[in-house]
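Trainee: This is input02.txt, which holds compact mmCIF, C-alpha atoms (C1' of nucleotides) and all ligand atoms:
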# COMPACT_ATOMS: atom_id res chain seq x y z
CA MET Q 68 0.00 0.00 0.00
CA LYS Q 69 1.53 3.25 -1.19
CA PHE Q 70 0.47 6.66 -2.29
CA SER Q 71 0.85 6.72 -6.04
CA LYS Q 72 3.46 8.80 -7.80
CA ALA Q 73 0.61 10.68 -9.42
CA THR Q 74 -0.45 11.88 -5.98
CA ASP Q 75 3.12 12.81 -5.26
CA TYR Q 76 3.26 14.91 -8.43
CA ALA Q 77 -0.05 16.55 -7.66
CA LEU Q 78 1.01 17.55 -4.16
CA HIS Q 79 4.30 18.93 -5.39
CA THR Q 80 2.64 20.89 -8.15
CA MET Q 81 0.18 22.41 -5.72
CA LEU Q 82 3.03 23.31 -3.42
CA PHE Q 83 4.91 24.86 -6.29
CA LEU Q 84 1.93 26.86 -7.51
CA THR Q 85 1.32 28.04 -3.98
CA ALA Q 86 4.82 29.46 -3.96
CA ALA Q 87 4.54 30.98 -7.45
CA THR Q 88 3.15 34.36 -8.47
CA PRO Q 89 -0.59 33.90 -8.01
CA ASP Q 90 -1.77 35.41 -11.28
CA LYS Q 91 0.93 34.36 -13.71
CA PRO Q 92 0.24 30.88 -15.06
CA VAL Q 93 3.01 28.29 -14.97
CA GLY Q 94 3.39 25.94 -17.91
CA VAL Q 95 3.41 22.16 -17.52
CA GLN Q 96 6.81 22.15 -19.15
CA LEU Q 97 8.41 23.93 -16.24
CA LEU Q 98 6.43 22.04 -13.62
CA ALA Q 99 7.47 18.76 -15.16
CA GLU Q 100 11.11 19.76 -15.33
CA LYS Q 101 11.17 20.59 -11.64
CA GLN Q 102 9.85 17.17 -10.79
CA LYS Q 103 11.70 15.17 -13.42
CA VAL Q 104 8.56 13.76 -14.92
CA SER Q 105 7.25 13.76 -18.45
CA PRO Q 106 5.11 16.79 -19.32
CA THR Q 107 2.35 14.76 -20.95
CA TYR Q 108 1.92 12.55 -17.95
CA LEU Q 109 1.91 15.45 -15.55
CA SER Q 110 -0.56 17.19 -17.80
CA LYS Q 111 -3.03 14.35 -17.34
CA ILE Q 112 -2.70 14.61 -13.60
CA LEU Q 113 -3.15 18.35 -13.61
CA THR Q 114 -6.25 18.03 -15.72
CA LYS Q 115 -7.76 16.10 -12.83
CA LEU Q 116 -6.97 18.97 -10.51
CA VAL Q 117 -8.58 21.35 -12.97
CA LYS Q 118 -11.71 19.19 -13.08
CA ALA Q 119 -11.76 19.14 -9.30
CA GLY Q 120 -11.73 22.93 -9.34
CA MET Q 121 -8.44 23.42 -7.54
CA ILE Q 122 -6.49 25.04 -10.31
CA GLU Q 123 -7.37 26.56 -13.64
CA SER Q 124 -5.68 26.19 -16.96
CA ILE Q 125 -5.01 28.86 -19.51
CA THR Q 126 -4.39 27.57 -22.99
CA GLY Q 127 -2.38 29.34 -25.65
CA VAL Q 128 0.81 31.33 -25.55
CA ASN Q 129 1.98 32.17 -22.05
CA GLY Q 130 -0.67 29.81 -20.75
CA GLY Q 131 -0.30 27.21 -18.07
CA TYR Q 132 -1.82 26.52 -14.70
CA ARG Q 133 -2.59 28.73 -11.75
CA LEU Q 134 -4.39 28.31 -8.46
CA LYS Q 135 -8.02 29.23 -8.17
CA ARG Q 136 -9.15 31.94 -5.78
CA ASN Q 137 -10.20 29.39 -3.16
CA TRP Q 138 -6.79 27.77 -2.98
CA GLY Q 139 -6.36 28.41 0.73
CA ASP Q 140 -9.27 26.11 1.52
CA ILE Q 141 -7.90 23.16 -0.37
CA SER Q 142 -6.77 20.36 1.89
CA PHE Q 143 -4.29 17.57 1.34
CA LEU Q 144 -7.20 15.18 1.37
CA ASP Q 145 -8.90 17.08 -1.44
CA ILE Q 146 -5.84 16.66 -3.60
CA ILE Q 147 -5.39 13.01 -2.80
CA HIS Q 148 -9.03 12.28 -3.46
CA ALA Q 149 -8.94 14.18 -6.72
CA ILE Q 150 -6.14 11.91 -7.93
CA GLU Q 151 -6.78 8.54 -6.32
CA GLY Q 152 -10.53 8.71 -5.93
CA SER Q 153 -12.24 8.60 -2.59
CA ALA Q 154 -12.97 4.91 -2.24
CA SER Q 155 -12.09 3.28 1.05
CA LEU Q 156 -8.67 1.71 1.55
CA PHE Q 157 -10.42 -1.46 2.56
CA ASP Q 158 -13.24 -3.25 0.86
CA CYS Q 159 -14.14 -6.69 1.95
CA SER Q 160 -15.43 -9.25 -0.47
CA PHE Q 161 -18.52 -10.36 1.45
CA ASP Q 162 -19.66 -7.67 3.83
CA HIS Q 163 -21.27 -9.29 6.83
CA GLY Q 164 -22.77 -6.01 7.90
CA PRO Q 165 -21.57 -3.09 9.96
CA ASP Q 166 -20.99 -5.25 13.05
CA CYS Q 167 -17.85 -6.75 11.58
CA PRO Q 168 -14.93 -5.91 13.85
CA ILE Q 169 -12.39 -5.90 11.03
CA GLN Q 170 -14.27 -3.31 9.05
CA ARG Q 171 -14.90 -1.20 12.10
CA VAL Q 172 -11.28 -1.06 13.12
CA VAL Q 173 -9.77 -0.53 9.70
CA LEU Q 174 -12.27 2.07 8.60
CA ALA Q 175 -11.89 3.99 11.84
CA ALA Q 176 -8.12 3.98 11.38
CA GLU Q 177 -8.50 5.28 7.87
CA GLU Q 178 -10.78 8.02 9.13
CA LYS Q 179 -8.08 9.11 11.57
CA MET Q 180 -5.65 9.58 8.74
CA GLU Q 181 -8.18 11.37 6.57
CA GLU Q 182 -9.09 13.68 9.39
CA HIS Q 183 -5.51 14.81 9.62
CA LEU Q 184 -5.25 15.26 5.88
CA ARG Q 185 -8.53 17.16 5.81
CA ASN Q 186 -7.33 19.58 8.44
CA LYS Q 187 -4.15 20.48 6.63
CA LYS Q 188 -4.89 23.16 4.09
CA MET Q 189 -2.60 24.44 1.42
CA SER Q 190 -2.66 27.80 3.17
CA ASP Q 191 -1.05 26.23 6.24
CA LEU Q 192 2.01 25.61 4.12
CA VAL Q 193 2.70 29.16 3.14
CA GLN Q 194 4.85 30.06 6.12
CA GLU Q 195 6.60 26.74 6.22
CA MET Q 196 7.97 26.95 2.73
CA ASN Q 197 11.49 28.15 3.03
CA ILE Q 198 13.92 25.63 1.76
CA VAL Q 199 11.90 23.60 -0.65
CA PHE Q 200 12.24 23.93 -4.44
CA MET U 19 -3.96 3.06 -2.60
CA LYS U 20 -5.57 0.00 -1.13
CA PHE U 21 -4.87 -2.59 1.47
CA SER U 22 -3.89 -5.71 -0.43
CA LYS U 23 -6.04 -8.80 -0.55
CA ALA U 24 -3.24 -10.62 1.20
CA THR U 25 -3.73 -8.34 4.20
CA ASP U 26 -7.42 -8.99 4.02
CA TYR U 27 -6.83 -12.73 4.11
CA ALA U 28 -4.39 -12.41 6.98
CA LEU U 29 -6.80 -10.39 9.09
CA HIS U 30 -9.65 -12.80 8.43
CA THR U 31 -7.52 -15.78 9.27
CA MET U 32 -6.43 -14.23 12.54
CA LEU U 33 -10.04 -13.47 13.36
CA PHE U 34 -11.03 -17.01 12.55
CA LEU U 35 -8.25 -18.54 14.61
CA THR U 36 -9.17 -16.27 17.48
CA ALA U 37 -12.65 -17.75 17.38
CA ALA U 38 -11.44 -21.33 17.01
CA THR U 39 -10.45 -23.81 19.72
CA PRO U 40 -7.12 -22.46 20.92
CA ASP U 41 -5.13 -25.71 20.99
CA LYS U 42 -6.49 -27.58 17.99
CA PRO U 43 -4.74 -26.53 14.79
CA VAL U 44 -6.82 -25.55 11.79
CA GLY U 45 -5.67 -26.62 8.33
CA VAL U 46 -5.12 -24.16 5.52
CA GLN U 47 -7.63 -26.15 3.51
CA LEU U 48 -10.48 -25.12 5.78
CA LEU U 49 -9.25 -21.57 6.22
CA ALA U 50 -9.02 -21.12 2.48
CA GLU U 51 -12.48 -22.55 1.91
CA LYS U 52 -14.02 -20.08 4.32
CA GLN U 53 -12.45 -17.19 2.48
CA LYS U 54 -12.84 -18.52 -1.04
CA VAL U 55 -9.17 -18.30 -1.77
CA SER U 56 -6.72 -20.88 -3.03
CA PRO U 57 -5.02 -22.88 -0.26
CA THR U 58 -1.52 -22.49 -1.70
CA TYR U 59 -1.77 -18.76 -1.87
CA LEU U 60 -3.17 -18.50 1.61
CA SER U 61 -0.42 -20.80 2.80
CA LYS U 62 2.21 -18.32 1.63
CA ILE U 63 0.52 -15.54 3.52
CA LEU U 64 0.22 -17.60 6.67
CA THR U 65 3.89 -18.49 6.50
CA LYS U 66 4.58 -14.80 6.89
CA LEU U 67 2.47 -14.72 10.03
CA VAL U 68 4.37 -17.72 11.34
CA LYS U 69 7.68 -15.98 10.66
CA ALA U 70 6.39 -12.91 12.45
CA GLY U 71 5.66 -15.10 15.47
CA MET U 72 1.91 -14.61 15.54
CA ILE U 73 0.80 -18.11 14.81
CA GLU U 74 2.51 -21.47 14.76
CA SER U 75 2.25 -24.22 12.25
CA ILE U 76 2.05 -27.92 12.92
CA THR U 77 2.99 -30.07 10.00
CA GLY U 78 1.80 -33.60 9.40
CA VAL U 79 -1.53 -35.29 9.88
CA ASN U 80 -4.01 -33.18 11.85
CA GLY U 81 -1.64 -30.29 11.53
CA GLY U 82 -2.45 -26.74 10.63
CA TYR U 83 -2.18 -23.35 12.24
CA ARG U 84 -2.95 -22.10 15.69
CA LEU U 85 -2.42 -18.89 17.58
CA LYS U 86 0.62 -18.50 19.76
CA ARG U 87 0.28 -17.87 23.46
CA ASN U 88 0.79 -14.15 23.05
CA TRP U 89 -2.07 -13.73 20.62
CA GLY U 90 -3.95 -11.21 22.76
CA ASP U 91 -1.12 -8.72 22.35
CA ILE U 92 -1.11 -8.81 18.59
CA SER U 93 -2.42 -5.63 17.03
CA PHE U 94 -3.93 -4.96 13.65
CA LEU U 95 -0.83 -3.04 12.79
CA ASP U 96 1.36 -6.03 13.57
CA ILE U 97 -0.58 -8.13 11.11
CA ILE U 98 -0.59 -5.49 8.40
CA HIS U 99 3.12 -4.91 8.80
CA ALA U 100 3.84 -8.61 8.70
CA ILE U 101 2.15 -8.83 5.32
CA GLU U 102 2.81 -5.50 3.63
CA GLY U 103 6.07 -4.57 5.26
CA SER U 104 6.47 -1.50 7.40
CA ALA U 105 7.73 1.01 4.87
CA SER U 106 6.07 4.39 4.82
CA LEU U 107 3.08 5.02 2.57
CA PHE U 108 4.93 7.96 1.14
CA ASP U 109 8.46 8.19 -0.08
CA CYS U 110 9.56 11.18 -2.00
CA SER U 111 12.09 10.93 -4.75
CA PHE U 112 14.44 13.69 -3.64
CA ASP U 113 14.12 14.30 0.08
CA HIS U 114 14.84 17.93 0.78
CA GLY U 115 15.22 17.23 4.47
CA PRO U 116 12.81 17.00 7.39
CA ASP U 117 11.57 20.57 6.93
CA CYS U 118 9.53 19.65 3.91
CA PRO U 119 5.88 20.41 4.63
CA ILE U 120 4.55 17.66 2.37
CA GLN U 121 6.47 14.97 4.16
CA ARG U 122 5.54 16.31 7.54
CA VAL U 123 1.84 16.36 6.85
CA VAL U 124 1.59 13.03 5.10
CA LEU U 125 3.76 11.16 7.54
CA ALA U 126 1.88 12.60 10.50
CA ALA U 127 -1.39 11.51 8.93
CA GLU U 128 -0.04 8.04 8.42
CA GLU U 129 1.05 7.93 12.02
CA LYS U 130 -2.49 8.73 13.13
CA MET U 131 -3.78 5.74 11.27
CA GLU U 132 -1.06 3.49 12.58
CA GLU U 133 -1.68 4.61 16.11
CA HIS U 134 -5.25 3.45 15.85
CA LEU U 135 -4.25 0.14 14.32
CA ARG U 136 -1.60 -0.34 16.97
CA ASN U 137 -4.10 0.15 19.78
CA LYS U 138 -6.53 -2.41 18.48
CA LYS U 139 -5.47 -5.82 19.67
CA MET U 140 -6.84 -9.14 18.61
CA SER U 141 -8.07 -9.62 22.13
CA ASP U 142 -10.34 -6.60 21.78
CA LEU U 143 -12.25 -8.51 19.18
CA VAL U 144 -13.22 -11.47 21.29
CA GLN U 145 -16.44 -10.02 22.64
CA GLU U 146 -17.40 -8.39 19.40
CA MET U 147 -17.43 -11.57 17.39
CA ASN U 148 -21.00 -12.71 17.22
CA ILE U 149 -22.28 -12.75 13.71
CA VAL U 150 -19.17 -13.11 11.65
CA PHE U 151 -18.20 -16.35 9.86
C1' DG M 133 -5.64 35.52 -40.81
C1' DT M 134 -1.46 32.85 -39.90
C1' DT M 135 1.70 30.93 -36.85
C1' DA M 136 3.45 29.56 -32.58
C1' DT M 137 2.30 27.98 -28.11
C1' DT M 138 -0.06 25.55 -24.78
C1' DA M 139 -3.67 22.47 -22.66
C1' DT M 140 -6.94 18.34 -23.54
C1' DA M 141 -8.00 13.81 -24.87
C1' DG M 142 -7.85 9.16 -26.63
C1' DA M 143 -5.32 5.18 -27.65
C1' DT M 144 -1.73 2.47 -26.66
C1' DA M 145 2.59 0.71 -24.80
C1' DA M 146 5.84 -0.38 -21.13
C1' DA M 147 6.85 -1.26 -16.46
C1' DT M 148 5.63 -2.78 -12.01
C1' DA M 149 3.15 -5.07 -8.63
C1' DA M 150 -0.30 -8.26 -6.85
C1' DA M 151 -2.58 -12.54 -7.02
C1' DA M 152 -2.66 -17.11 -8.13
C1' DT M 153 -0.92 -21.69 -9.67
C1' DC M 154 2.25 -25.59 -10.07
C1' DC M 155 5.43 -28.59 -8.43
C1' DT M 156 8.83 -30.29 -5.19
C1' DT M 157 10.56 -30.98 -0.52
C1' DA M 158 10.32 -31.68 4.39
C1' DA M 159 8.05 -32.86 8.62
C1' DT M 160 4.88 -35.51 11.23
C1' DT M 161 1.50 -38.84 12.56
C1' DA M 162 -0.97 -43.08 12.25
C1' DT I 48 5.59 -47.13 5.08
C1' DA I 49 1.77 -44.38 3.57
C1' DA I 50 -1.00 -40.46 4.15
C1' DT I 51 -1.29 -35.73 5.44
C1' DT I 52 0.04 -31.21 5.92
C1' DA I 53 3.09 -26.94 5.74
C1' DA I 54 7.16 -24.53 3.29
C1' DG I 55 9.44 -22.91 -0.60
C1' DG I 56 10.90 -21.97 -5.39
C1' DA I 57 9.64 -20.92 -9.93
C1' DT I 58 6.50 -19.35 -12.93
C1' DT I 59 2.20 -17.50 -14.89
C1' DT I 60 -1.71 -14.59 -14.93
C1' DT I 61 -4.00 -10.46 -14.03
C1' DA I 62 -4.39 -5.78 -12.70
C1' DT I 63 -2.69 -1.34 -11.99
C1' DT I 64 0.34 2.35 -12.61
C1' DT I 65 3.24 4.99 -15.28
C1' DA I 66 4.51 6.76 -19.49
C1' DT I 67 4.41 7.80 -24.53
C1' DC I 68 2.45 9.11 -28.93
C1' DT I 69 -0.55 11.55 -31.73
C1' DA I 70 -4.23 14.45 -32.86
C1' DT I 71 -7.33 18.28 -31.61
C1' DA I 72 -8.71 22.69 -29.68
C1' DA I 73 -7.95 27.16 -27.73
C1' DT I 74 -5.49 31.37 -27.37
C1' DA I 75 -2.15 35.07 -28.00
C1' DA I 76 1.20 37.38 -30.72
C1' DC I 77 2.45 38.97 -34.99
S1 LIG G 301 -15.74 -10.49 8.15
FE1 LIG G 301 -15.94 -8.28 8.02
S2 LIG G 301 -14.32 -7.62 6.66
FE2 LIG G 301 -14.60 -9.79 6.38
S3 LIG G 301 -15.99 -10.01 4.67
FE3 LIG G 301 -17.22 -10.07 6.54
S4 LIG G 301 -17.82 -7.93 6.85
FE4 LIG G 301 -16.11 -7.91 5.41
S1 LIG G 302 9.53 18.62 -1.51
FE1 LIG G 302 9.33 17.30 0.28
S2 LIG G 302 8.20 15.52 -0.42
FE2 LIG G 302 8.98 16.57 -2.21
S3 LIG G 302 10.92 15.60 -2.70
FE3 LIG G 302 11.39 17.37 -1.42
S4 LIG G 302 11.41 16.54 0.66
FE4 LIG G 302 10.37 15.02 -0.61
As structure tokens - that is how I would like this structure written.
Mentor:
Amino acid sequence: MKFSKATDYALHTMLFLTAATPDKPVGVQLLAEKQKVSPTYLSKILTKLVKAGMIESITGVNGGYRLKRNWGDISFLDIIHAIEGSASLFDCSFDHGPDCPIQRVVLAAEEKMEEHLRNKKMSDLVQEMNIVF
Amino acid sequence: MKFSKATDYALHTMLFLTAATPDKPVGVQLLAEKQKVSPTYLSKILTKLVKAGMIESITGVNGGYRLKRNWGDISFLDIIHAIEGSASLFDCSFDHGPDCPIQRVVLAAEEKMEEHLRNKKMSDLVQEMNIVF
DNA sequence: GTTATTATAGATAAATAAAATCCTTAATTA
DNA sequence: TAATTAAGGATTTTATTTATCTATAATAAC
């Protein structure tokens, strides 16, 4: 069980855009270079973020991606869900009802993690970004 | 990101053994039947649990698997780690040091989940097991 | 309007990982 | 000795993730 690289790229891109000039769009070319990943692949990932309403894309010369106005509200969990979907980490093959102790424990554990990720917004990162990139 | 089926099988087997007669070993044949999984595959998974010291195997006629004496202490996390390994859910490709906000947030979130899984012992399940299986 | 630039989208390929099977060996009991 | 059962190695199958290729659409600059 691992977070996918796609999630990794999405988080990094969001972090990068958070640090960038808010109104000037950044092209996928540059974003991809920074992360040593192919532009086309990254582009697919960013399109998901666009669809999820976290960033917007400007096509044409000097286009690229930039954060939307609401960027401060976006949580880590939002980003992860936008990329990996929001299905549970655990789905049992039979489902003997909600009384099952396995389900209860694992789902509660997952909820603990999600709670933390939900409470961490992109805006929380602003101050903390000194060294990175 | 999903828990693997192997983990699923391991958890179910532990639950089953917890419910079973403590001293009489249960064969992989029966355990596999219950879970609709191939005996050989399940066997590989259970060997990991044996290596991790959670269950013991008795070979030969009337052999099988049974819990070890310490079974009450075993946590969900122990089982998951025995099967999936205990590497972090997130490993970044560059590592810009411990100040990185992405790492900090994601690893802390993971720790929240693990904490919950660590605190849930097999013995906590004993009372809760009515309907299942 | 034409050209250059940039994102979107679909199809497909390559790489990796997970799940399952097959077959052989070793241990134990009856 | 024969039957039973787990362990282990090698391999195959299946699924998922990652990446590439190519074509289309939108926009800005000239
Ligand atoms: S025992 Fe629990 S986890 Fe397993 S199949 Fe039944 S409901 Fe699902
Ligand atoms: S920015 Fe953080 S998560 Fe990304 S590579 Fe650097 S240390 Fe790792």
Trainee: Determine which residues of chain U sit within 7 Å of chain I, taking into account all atoms listed in the file, and present them as a list in words.
Mentor: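 The selection requested is Thr77, Gly78, Val79, Gly81 and Gly82 of chain U.
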Trainee: Would you list which chain M residues are within 7 Å of chain Q using all atoms listed in the file, as a PyMOL selection string?
Mentor: chain M and resi 137-139
Trainee: Determine which residues of chain Q sit within 6 Å of chain U, taking into account only C-alpha atoms, and present them as a PDB file with C-alpha atoms, in the coordinates of the input.
Mentor:
ATOM      1  CA  MET Q  68       0.000   0.000   0.000  1.00  0.00           C
ATOM      2  CA  LYS Q  69       1.530   3.250  -1.190  1.00  0.00           C
ATOM      3  CA  PHE Q  70       0.470   6.660  -2.290  1.00  0.00           C
ATOM      4  CA  LEU Q 156      -8.670   1.710   1.550  1.00  0.00           C
ATOM      5  CA  PHE Q 157     -10.420  -1.460   2.560  1.00  0.00           C
ATOM      6  CA  ALA Q 176      -8.120   3.980  11.380  1.00  0.00           C
ATOM      7  CA  GLU Q 177      -8.500   5.280   7.870  1.00  0.00           C
ATOM      8  CA  LYS Q 179      -8.080   9.110  11.570  1.00  0.00           C
ATOM      9  CA  MET Q 180      -5.650   9.580   8.740  1.00  0.00           C
ATOM     10  CA  HIS Q 183      -5.510  14.810   9.620  1.00  0.00           C
TER      11      HIS Q 183
END
Trainee: What does the distance from CA of Thr85 (chain Q) to CA of Ile112 (chain Q) come to in Å, to one decimal?
Mentor: 17.0 Å
Trainee: Using Å and a single decimal, report how far CA of Leu49 (chain U) sits from CA of Ala37 (chain U).
Mentor: 12.3 Å
Trainee: One decimal, in Å: what's the spacing between CA of Ile97 (chain U) and CA of Leu67 (chain U)?
Mentor: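 It comes out at 7.3 Å.
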Trainee: Here is a test: counting only C-alpha atoms and all ligand atoms, which residue of U:His99, U:Phe34, U:Gly71, U:Ala24 is nearest to ligand LIG 301 (chain G)?
Mentor: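 Ranked by minimum distance to ligand LIG 301 (chain G), first place goes to U:Phe34.
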